[in-house]
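A.B. asks: Below is structure.cif; it holds mmCIF, C-alpha atoms.
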```
data_my_file
loop_
_atom_site.label_atom_id
_atom_site.label_comp_id
_atom_site.auth_asym_id
_atom_site.auth_seq_id
_atom_site.Cartn_x
_atom_site.Cartn_y
_atom_site.Cartn_z
CA MET N 1 26.89 -46.11 75.51
CA ARG N 2 29.20 -48.91 74.45
CA LEU N 3 27.05 -49.59 71.38
CA ILE N 4 27.17 -45.93 70.34
CA ARG N 5 30.97 -45.86 70.67
CA ILE N 6 31.24 -48.99 68.52
CA LEU N 7 28.95 -47.45 65.88
CA VAL N 8 30.98 -44.22 65.82
CA ALA N 9 34.21 -46.20 65.45
CA LEU N 10 32.70 -48.24 62.60
CA ALA N 11 31.51 -45.09 60.82
CA ILE N 12 34.99 -43.55 61.01
CA ALA N 13 36.61 -46.79 59.88
CA ALA N 14 34.29 -46.96 56.86
CA LEU N 15 34.71 -43.32 55.82
CA VAL N 16 38.50 -43.00 55.99
CA PRO N 17 39.24 -45.51 53.17
CA MET N 18 36.64 -43.82 50.98
CA LEU N 19 38.32 -40.45 51.49
CA THR N 20 41.70 -41.82 50.51
CA ALA N 21 40.45 -43.96 47.59
CA THR N 22 42.27 -43.45 44.30
CA ALA N 23 40.45 -41.98 41.33
CA ALA N 24 39.44 -44.14 38.38
CA HIS N 25 41.54 -43.83 35.24
CA ALA N 26 40.30 -42.19 32.07
CA GLU N 27 39.62 -44.52 29.16
CA LEU N 28 38.21 -44.83 25.66
CA LYS N 29 36.61 -48.18 24.81
CA GLY N 30 35.51 -49.32 21.35
CA PRO N 31 36.66 -48.70 17.76
CA CYS N 32 36.50 -44.91 18.08
CA THR N 33 38.83 -41.97 18.57
CA GLY N 34 38.07 -38.64 20.16
CA THR N 35 40.25 -35.61 20.84
CA GLY N 36 39.85 -31.97 21.78
CA ARG N 37 42.32 -29.12 21.23
CA ILE N 38 42.14 -25.98 23.36
CA LEU N 39 44.61 -23.10 22.85
CA GLY N 40 46.95 -25.40 20.95
CA VAL N 41 46.96 -28.18 23.56
CA THR N 42 45.47 -31.51 22.49
CA TYR N 43 43.57 -33.62 25.02
CA ASN N 44 43.07 -37.32 24.38
CA PRO N 45 41.32 -39.72 26.83
CA LYS N 46 43.41 -42.62 25.48
CA LEU N 47 46.59 -40.89 26.62
CA GLN N 48 45.51 -38.80 29.62
CA ASP N 49 43.66 -39.70 32.82
CA SER N 50 42.87 -36.19 33.94
CA VAL N 51 43.28 -32.80 32.33
CA VAL N 52 43.26 -29.17 33.45
CA ILE N 53 41.67 -26.90 30.87
CA PRO N 54 41.26 -23.11 30.68
CA ARG N 55 38.07 -21.63 32.17
CA ALA N 56 37.13 -20.16 28.78
CA GLY N 57 38.16 -21.08 25.28
CA GLU N 58 37.37 -22.88 22.04
CA VAL N 59 37.44 -26.66 21.81
CA HIS N 60 38.43 -27.94 18.40
CA TRP N 61 36.89 -31.39 18.75
CA ARG N 62 37.25 -34.38 16.46
CA GLY N 63 35.69 -37.84 16.60
CA THR N 64 35.98 -40.88 14.34
CA VAL N 65 34.55 -44.39 14.07
CA THR N 66 37.14 -46.70 12.56
CA ASP N 67 34.83 -49.54 11.43
CA GLY N 68 31.71 -49.56 9.22
CA ALA N 69 30.35 -48.10 5.99
CA GLY N 70 27.08 -46.72 4.63
CA LYS N 71 24.17 -44.77 6.15
CA ARG N 72 22.98 -46.03 9.55
CA PRO N 73 21.21 -44.78 12.69
CA ILE N 74 23.57 -43.33 15.32
CA ASN N 75 23.08 -42.26 18.89
CA GLY N 76 25.37 -40.65 21.45
CA ALA N 77 25.94 -37.90 23.98
CA VAL N 78 28.52 -36.10 26.09
CA LYS N 79 27.63 -35.94 29.79
CA VAL N 80 29.00 -34.93 33.17
CA LYS N 81 28.67 -37.56 35.90
CA LEU N 82 27.21 -36.44 39.24
CA PRO N 83 26.46 -38.26 42.51
CA TRP N 84 23.11 -39.88 43.23
CA PRO N 85 20.27 -38.78 42.91
CA ILE N 86 21.20 -36.55 39.94
CA ASN N 87 23.58 -39.12 38.34
CA GLU N 88 24.37 -37.19 35.15
CA ILE N 89 23.63 -34.11 33.09
CA THR N 90 23.95 -33.90 29.32
CA LEU N 91 26.27 -31.19 28.04
CA ASN N 92 25.73 -29.30 24.82
CA GLY N 93 26.41 -32.35 22.70
CA ASN N 94 24.10 -35.23 21.85
CA TRP N 95 23.16 -36.86 18.61
CA GLY N 96 20.48 -39.30 17.57
CA LYS N 97 19.72 -39.55 13.84
CA THR N 98 20.85 -41.36 10.71
CA SER N 99 24.22 -40.46 9.21
CA ALA N 100 26.63 -41.57 6.50
CA LYS N 101 29.60 -39.84 8.19
CA TYR N 102 32.26 -41.85 10.02
CA ALA N 103 34.19 -38.84 11.20
CA ASN N 104 33.16 -35.42 12.39
CA ALA N 105 34.81 -32.27 13.71
CA GLY N 106 33.77 -28.87 14.98
CA ILE N 107 34.43 -25.96 17.32
CA TYR N 108 32.66 -25.50 20.63
CA THR N 109 33.11 -22.20 22.46
CA TYR N 110 32.67 -22.09 26.22
CA ASP N 111 33.06 -19.60 29.07
CA LEU N 112 32.49 -21.08 32.54
CA PRO N 113 31.94 -19.14 35.81
CA ALA N 114 34.61 -18.86 38.56
CA VAL N 115 32.57 -21.03 40.97
CA LEU N 116 33.40 -24.06 38.82
CA VAL N 117 37.16 -23.69 39.43
CA GLY N 118 38.24 -26.45 41.82
CA PRO N 119 35.73 -29.29 41.37
CA LYS N 120 36.85 -32.42 39.48
CA PHE N 121 34.33 -33.28 36.80
CA THR N 122 34.10 -36.67 35.15
CA VAL N 123 33.15 -36.09 31.54
CA PHE N 124 31.59 -39.12 29.90
CA GLY N 125 30.93 -39.67 26.21
CA SER N 126 29.20 -42.48 24.33
CA HIS N 127 28.46 -43.36 20.73
CA LYS N 128 26.27 -46.26 19.53
CA GLU N 129 25.53 -47.59 16.05
CA ARG N 130 24.63 -51.08 14.86
CA ALA N 131 26.96 -53.40 16.78
CA ILE N 132 29.44 -50.67 17.76
CA VAL N 133 29.45 -49.14 21.21
CA CYS N 134 32.15 -46.61 22.14
CA THR N 135 32.48 -45.06 25.57
CA GLY N 136 35.06 -42.70 27.00
CA THR N 137 35.66 -40.89 30.26
CA ILE N 138 38.15 -38.26 31.37
CA ASP N 139 38.51 -36.20 34.54
CA VAL N 140 38.43 -32.48 33.88
CA GLN N 141 39.39 -29.60 36.17
CA LEU N 142 39.34 -25.90 35.33
CA ALA N 143 42.60 -23.95 35.57
CA GLY N 144 42.87 -21.30 38.30
CA SER N 145 43.20 -20.97 42.05
CA LYS N 146 40.40 -22.67 43.94
CA TRP N 147 40.94 -20.21 46.83
CA LYS N 148 39.59 -17.46 44.59
CA ASN N 149 36.37 -19.45 44.27
CA PRO N 150 33.72 -17.66 46.41
CA ALA N 151 31.73 -20.89 46.73
CA LEU N 152 34.63 -22.65 48.50
CA ILE N 153 35.09 -19.78 50.97
CA ALA N 154 31.34 -19.72 51.68
CA SER N 155 31.14 -23.48 52.13
CA LEU N 156 34.10 -23.46 54.56
CA LEU N 157 32.41 -20.74 56.63
CA PHE N 158 29.16 -22.72 56.69
CA THR N 159 31.12 -25.82 57.76
CA VAL N 160 32.57 -23.92 60.73
CA LEU N 161 29.04 -22.83 61.70
CA ALA N 162 27.77 -26.39 61.31
CA VAL N 163 30.56 -27.72 63.58
CA ILE N 164 29.72 -25.09 66.22
CA ASN N 165 26.06 -26.08 65.94
CA ILE N 166 26.89 -29.78 66.42
CA SER N 167 29.10 -29.00 69.44
CA LEU N 168 26.13 -27.19 71.01
CA VAL N 169 23.69 -29.93 70.07
CA ILE N 170 25.69 -32.73 71.69
CA ARG N 171 25.78 -30.98 75.08
CA VAL N 172 23.61 -32.48 77.76
CA LYS N 173 20.37 -30.64 78.51
CA ASP N 174 20.28 -28.51 81.69
CA ARG N 175 17.61 -30.03 83.96
CA ALA N 176 15.53 -28.13 86.50
CA ILE N 177 15.85 -29.61 90.05
CA MET E 1 14.51 -39.75 80.17
CA THR E 2 16.29 -38.22 77.12
CA ARG E 3 19.21 -36.04 78.18
CA GLY E 4 20.28 -34.84 74.72
CA ARG E 5 18.75 -33.32 71.61
CA PRO E 6 18.36 -36.16 69.05
CA LEU E 7 16.25 -34.21 66.55
CA ARG E 8 18.60 -31.24 66.50
CA GLY E 9 21.49 -33.69 66.24
CA LEU E 10 19.83 -35.33 63.24
CA PHE E 11 19.38 -32.05 61.34
CA GLY E 12 22.73 -30.69 62.55
CA GLY E 13 24.54 -33.80 61.32
CA PHE E 14 22.83 -33.66 57.94
CA LEU E 15 23.68 -29.96 57.59
CA LEU E 16 27.31 -30.68 58.50
CA GLY E 17 27.36 -33.48 55.92
CA ILE E 18 26.11 -31.15 53.19
CA CYS E 19 28.71 -28.52 54.15
CA VAL E 20 31.57 -31.05 54.19
CA ASP E 21 30.32 -32.34 50.80
CA LEU E 22 30.55 -28.83 49.37
CA ASP E 23 34.04 -28.41 50.86
CA LEU E 24 35.17 -31.67 49.23
CA ILE E 25 33.64 -30.70 45.88
CA PHE E 26 34.90 -27.12 45.70
CA GLY E 27 38.26 -28.09 47.19
CA GLY E 28 38.70 -30.67 44.42
CA VAL E 29 39.33 -33.40 47.01
CA VAL E 30 36.91 -35.88 45.45
CA LYS E 31 35.42 -36.21 42.00
CA LEU E 32 31.93 -34.88 41.43
CA ASP E 33 30.54 -38.39 40.82
CA SER E 34 32.07 -39.84 44.01
CA THR E 35 29.82 -42.10 46.10
CA LEU E 36 31.26 -40.48 49.21
CA LEU E 37 29.23 -37.35 48.45
CA THR E 38 26.03 -39.39 48.80
CA ILE E 39 27.13 -41.40 51.84
CA LEU E 40 28.60 -38.55 53.91
CA PRO E 41 25.38 -36.58 54.66
CA VAL E 42 23.52 -39.79 55.54
CA ALA E 43 26.38 -41.02 57.75
CA LEU E 44 26.66 -37.68 59.56
CA LEU E 45 22.87 -37.59 59.92
CA VAL E 46 22.99 -40.90 61.80
CA LEU E 47 26.07 -39.79 63.75
CA GLY E 48 24.32 -36.53 64.71
CA LEU E 49 21.28 -38.47 65.91
CA LEU E 50 23.42 -40.82 68.02
CA LEU E 51 25.53 -38.01 69.47
CA GLY E 52 22.33 -36.05 70.14
CA LEU E 53 20.96 -39.01 72.10
CA TRP E 54 24.22 -39.63 73.89
CA ALA E 55 25.02 -35.93 74.60
CA PRO E 56 28.56 -36.60 75.84
CA LEU E 57 29.55 -32.95 76.45
CA GLY E 58 28.85 -31.26 79.80
CA ARG E 59 27.83 -34.42 81.67
CA SER E 60 29.98 -33.80 84.78
CA ARG E 61 28.74 -30.19 85.07
CA ALA E 62 25.14 -31.29 84.71
CA ALA E 63 25.63 -34.03 87.29
CA LYS E 64 26.96 -31.47 89.79
CA ALA E 65 24.04 -29.14 89.10
CA ALA E 66 21.57 -31.99 89.52
CA ARG E 67 23.01 -33.11 92.89
CA PRO E 68 20.53 -32.18 95.74
CA LYS E 69 21.86 -29.61 98.25
CA HIS E 70 20.15 -30.83 101.49
CA VAL E 71 23.39 -31.42 103.39
CA LEU E 72 23.32 -29.78 106.89
CA PRO E 73 26.01 -27.21 107.86
CA PRO E 74 28.71 -28.41 110.29
CA PRO E 75 27.76 -28.14 114.02
CA VAL E 76 29.13 -25.28 116.15
CA ALA E 77 29.55 -25.06 119.94
CA TRP E 78 26.86 -23.25 121.97
CA PRO E 79 28.39 -19.89 123.17
CA ASP E 80 28.77 -19.34 126.96
CA SER E 81 27.12 -15.88 126.82
CA ALA E 82 24.05 -17.23 125.09
CA PRO E 83 20.92 -17.75 127.24
CA ILE E 84 20.22 -21.27 128.29
CA GLU E 85 16.96 -22.97 129.10
CA GLY E 86 15.34 -21.54 132.29
CA SER E 87 17.48 -18.36 132.47
CA THR E 88 16.07 -14.78 132.46
CA PRO E 89 16.18 -13.23 129.02
CA PRO E 90 18.19 -9.96 128.74
CA PRO E 91 16.18 -6.65 128.77
CA PRO E 92 15.36 -5.13 125.40
CA PHE E 93 17.68 -2.46 124.00
CA GLY E 94 17.17 0.97 125.75
CA ALA E 95 15.00 -0.38 128.61
CA ASN E 96 17.56 0.69 131.28
CA LEU E 97 17.40 4.44 130.24
CA GLY E 98 14.05 5.09 131.98
CA GLY E 99 12.22 6.21 128.91
CA GLU E 100 14.81 8.83 127.93
CA THR E 101 16.02 9.14 124.41
CA PRO E 102 19.51 7.66 124.07
CA PRO E 103 22.25 10.22 123.24
CA PRO E 104 23.36 10.47 119.63
CA PRO E 105 26.39 8.45 118.75
CA PRO E 106 29.75 10.32 118.74
CA ILE E 107 30.81 11.65 115.37
#
```
As structure tokens, what does this structure read like?

C.D. replies:
Amino acid sequence: MRLIRILVALAIAALVPMLTATAAHAELKGPCTGTGRILGVTYNPKLQDSVVIPRAGEVHWRGTVTDGAGKRPINGAVKVKLPWPINEITLNGNWGKTSAKYANAGIYTYDLPAVLVGPKFTVFGSHKERAIVCTGTIDVQLAGSKWKNPALIASLLFTVLAVINISLVIRVKDRAI
Amino acid sequence: MTRGRPLRGLFGGFLLGICVDLDLIFGGVVKLDSTLLTILPVALLVLGLLLGLWAPLGRSRAAKAARPKHVLPPPVAWPDSAPIEGSTPPPPFGANLGGETPPPPPI
């Protein structure tokens, strides 16, 4: 019994710091720039750590590579980071071809469901060419009340059921005499 | 002898871990790529197994129920009117009426 108590105490001691750990800062490494403008608001990973964006809108995106000249093979993608074992999913944005452009811009229209309001996504982008490697991350959250998210309400209800289940499971068995 | 439910504790802990993970994600408490989301179900799985083995709830009640009840009742004094060894037993009920039916009880 003493061993079990020690193990429980260790588990709690290990989990509490992880729960209170601070989030990593957004960043943009390499000789590149990248910005997005939604409803007149400009978002820049060099200036902002985390952003709250509308659930639906148009992103006026722009990216540049400050060094280099001529046609060369390029490769890159925009991804959302997820926990193991999924790790990451690629969003609607990857490129892998030859190009003579050193700057590009466009408009990306999106409309996300209400169940995605609340979670904090880490959006990760990378661009590679010759000796240049640019990477950038930024934390993104959708605007809106998370309490209107049906997935959160459902998950809280399931948690209550799971706690009741555990409290029944850890009761000692009734033994016949 | 196992007194708890380790297998149910294992699955119950894992289920609780998944539910707490979803709460943390949809509540925006941790980022979606947090390592905690991977560790928590595994940690609660182990915790559920250990708590299932230990079964700390209801131990005193179970101990009382398991206690054998072969304790004798307290002794009482032998009544004076009761027959003793070697005495004549009392006649059976109605034997002194000479075979007549006893009168009905008063209403």

A.B. asks: Evaluating the PyMOL selection byres ((chain N) within 6 of (chain E)) on the displayed file yields which residues, as a PyMOL selection string?

C.D. replies: chain N and resi 81-83+118-121+152+155+159+162+166+169-173

A.B. asks: Using only C-alpha atoms, which of the listed residues (N:Ser167, N:Asn104, N:Thr137, N:Thr109) sits closest to Val65 in chain N?

C.D. replies: N:Asn104

A.B. asks: Just how far from CA of Val123 in chain N is CA of Lys79 in chain N, in Å to one decimal?

C.D. replies: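 Value for the CA of Lys79 in chain N-CA of Val123 in chain N distance: 5.8 Å.
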
A.B. asks: Would you kindly return, as a PyMOL selection string, each protein, DNA or RNA residue with an atom no farther than 9 Å from any atom of Ser99 in chain N, considering only C-alpha atoms and excluding same-chain residues fewer than 4 positions away?

C.D. replies: chain N and resi 70-74

A.B. asks: Report as a list in words the residues that result from applying the PyMOL selection byres ((chain N and resi 28-45) around 7) to the structure here.

C.D. replies: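 Expected selection for the PyMOL selection byres ((chain N and resi 28-45) around 7) here is Ala26, Glu27, Lys46, Leu47, Gln48, Asp49, Gly57, Glu58, Val59, His60, Trp61, Arg62, Gly63, Thr64, Val65, Thr66, Asp67, Val133, Cys134, Thr135, Gly136, Thr137 and Ile138 of chain N.
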
A.B. asks: State, in Å with one decimal place, the distance from CA of Pro54 in chain N to CA of Leu142 in chain N.

C.D. replies: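 Spanning CA of Pro54 in chain N to CA of Leu142 in chain N is a straight-line distance of 5.8 Å.
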
A.B. asks: Using the chain letters and numbering of this document, enumerate as a VMD selection string the residues selected by the PyMOL selection byres ((chain N and resi 93) around 6).

C.D. replies: chain N and resid 77 to 78 91 to 92 94

A.B. asks: Between CA of Ala114 in chain N and CA of Gln141 in chain N, what distance in Å does the model show, to one decimal?

C.D. replies: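 Straight-line distance from CA of Ala114 in chain N to CA of Gln141 in chain N works out to 12.0 Å.
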
A.B. asks: For range 3-14 of chain E, what centre and edge lengths in Å (one decimal) does the axis-aligned box get once 6 Å is added on each side of all its listed atoms, as JSON?

C.D. replies:
```
{"center_x": 20.4, "center_y": -33.4, "center_z": 68.1, "size_x": 20.3, "size_y": 17.5, "size_z": 32.2}
```
